[in-house]
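S.K.: Got a structure for you, questions after.
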Amino acid sequence: PPRSTLFPYTTLFRSAPTVVRHLLRQTLEDSARGNRNCTKVSDANAGPVVVDALREIGFIPVGATWMKLNLACVETATAITSRLFELAKSAPELKDGITLIATALADLQKKPSLTLATQIERALWPAKIIDADLPSFIVPIRPEWAEHFFDEDLASRRLFGLRHDLHFGREAVYYRAKKSFGLKFPGRILWYVSQGNEKTGSMSVKACSSLDEIIVGKPKELYKQFRQLGIYEWRNVWELAHKNLDEEIMAIRFSDTERFHTPVSHQDLKKLGVAGTIQSPRPIPPEVFAKIYSMGYSVARH
């Protein structure tokens, strides 16, 4: 039978929506890694901040509780559907939600849709659908930025100045030069932490995110729009634009970042066919994405 994670919330977090979302996502990830198929949230006194966070992350009300499916798998749509139907047999309270997602998976197989695939993966997060044809990319990130977004090893060495709001936040923005190198959204990002000037950085893939949007614009406009979601200060954006207010740059908006327990090294990438130095975004086939993700996240693949 499926197991559930019970996680009661109190009014302590009503004034901290970012922390609530972080704790919910952390609970989902812990639940999935513990081979639990769903997470249950129980709080008779949940306020609007908590309820808003639950709805945004994909929980649905079931009686007096909130529940969300969270499958730790990298499989085809057919295999995931089979998992869901097996789960429904032993968890009748989930039947309606499972039927809805299974129907969406059937629609996805009949008529591929990047939007629908993204919605299903979010509903089943951290599950990944191998044959959804979602564009997947390896994107290099410098260690001095990675430590603020997801790299806990690097972050633990920093005594001051760490952007904890970015570690806690569900979404964030990373700036790059305008050239896209084939980046498309919606899609998936595998973050490759390059080696910094002081030999920091692991030269390995250390996290996975959902690629939500790519915005190209002038530096001042993008900085104003995404100031709260990015680690770059104005001076960094200014330098990226070569100190030219009219030079367009790119903002990559991403969300639902998963930190890998096992970094996938550059040598491992070479064995999977990802050859050469990774200095710019690199598109990869779905099968290669699945292998890298499985290695980093340590999930079973069928």
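Each chain in the structure tokens gets a letter, A, B, ..., in the order shown, and its residues are numbered from 1; ligands are numbered from 1 in order too.
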Could you list, as an NGL selection string, every residue within 10 Å of stretch 73-75 of chain A, counting only C-alpha atoms and ignoring same-chain residues fewer than 3 positions away?

M.R.: :A and (32-33 or 35 or 70 or 78-81 or 83 or 124-132 or 289-291 or 293-294 or 297-302)

S.K.: Pick out each residue of stretch 62-285 of chain A that DSSP on the backbone tags as strand (DSSP E); I need them as a PyMOL selection string.

M.R.: chain A and resi 62+65-69+74-75+128-129+136-141+171-177+187-193+204-217+249-265+282-284

S.K.: So that I can check the surroundings of A:Leu211, please list as a PDB file with C-alpha atoms, in the first residue's frame every protein, DNA and RNA residue that reaches within 10 Å of it, counting only C-alpha atoms and ignoring chain neighbours fewer than 6 positions away.

M.R.:
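The file below, out_22.pdb, is the result:
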ATOM      1  CA  THR A 118       4.842  20.426 -18.232  1.00  0.00           C
ATOM      2  CA  LEU A 134      10.225  18.272 -23.608  1.00  0.00           C
ATOM      3  CA  PRO A 135      13.392  20.099 -24.749  1.00  0.00           C
ATOM      4  CA  SER A 136      16.263  19.328 -22.384  1.00  0.00           C
ATOM      5  CA  PHE A 137      19.485  21.284 -21.963  1.00  0.00           C
ATOM      6  CA  GLU A 171      11.449  30.130  -8.952  1.00  0.00           C
ATOM      7  CA  LEU A 183      17.271  27.110 -25.737  1.00  0.00           C
ATOM      8  CA  LYS A 184      13.490  26.606 -25.882  1.00  0.00           C
ATOM      9  CA  PHE A 185      10.738  26.674 -23.300  1.00  0.00           C
ATOM     10  CA  PRO A 186       8.967  25.023 -21.672  1.00  0.00           C
ATOM     11  CA  GLY A 187      11.688  22.491 -21.071  1.00  0.00           C
ATOM     12  CA  ARG A 188      14.190  21.166 -18.575  1.00  0.00           C
ATOM     13  CA  ILE A 189      17.583  22.402 -17.416  1.00  0.00           C
ATOM     14  CA  LEU A 190      20.431  20.326 -16.039  1.00  0.00           C
ATOM     15  CA  ILE A 252      16.215  32.486 -18.041  1.00  0.00           C
ATOM     16  CA  ARG A 253      13.311  31.979 -15.640  1.00  0.00           C
ATOM     17  CA  PHE A 254      13.301  28.566 -14.007  1.00  0.00           C
ATOM     18  CA  SER A 255      11.547  26.797 -11.125  1.00  0.00           C
ATOM     19  CA  ASP A 256      11.202  23.597  -9.085  1.00  0.00           C
ATOM     20  CA  THR A 257      14.936  23.062  -8.778  1.00  0.00           C
TER      21      THR A 257
END

S.K.: Give me, as a VMD selection string, the residues of stretch 20-223 of chain A that a backbone DSSP run labels alpha helix (DSSP H).

M.R.: chain A and resid 20 to 33 48 to 57 77 to 90 95 to 110 114 to 124 143 to 149 152 to 155 164 to 168 219 to 223

S.K.: Given the choices A:Gln26, A:Thr99, A:Thr18, A:Gln267, which gets closest to A:Glu86 if the distance is worked out from only C-alpha atoms?

M.R.: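 That would be A:Thr99, the residue with the smallest distance to A:Glu86.
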
S.K.: A:Pro48, A:Gly182, A:Gly296, A:Pro140: which is nearest A:Ser265, counting only C-alpha atoms?

M.R.: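 Comparing A:Pro48, A:Gly182, A:Gly296, A:Pro140 against A:Ser265, the winner is A:Gly296.
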
S.K.: With only C-alpha atoms as the atoms that count, which of A:Ala251, A:Ala123, A:Val62, A:Pro112 lies nearest to A:Asp96?

M.R.: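 So, comparing all the options, the nearest one is A:Val62.
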
S.K.: Just want the 6 Å neighbourhood of stretch 271-285 of chain A, counted on only C-alpha atoms, with same-chain residues fewer than 2 positions away dropped. Output as a list of chain:residue names.

M.R.: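 The neighbour list is A:Ser136, A:Phe137, A:Ile138, A:Val139, A:Phe181, A:Asp268, A:Leu269, A:Glu287, A:Val288.
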
S.K.: For a test of reading the model, state the distance in Å between atom CA of A:Arg142 and atom CA of A:Glu29, rounded to one decimal.

M.R.: 25.4 Å

S.K.: Considering only C-alpha atoms, can you say which of A:Val51, A:Asp133, A:Leu28, A:His242 comes closest to A:Pro286?

M.R.: A:Asp133
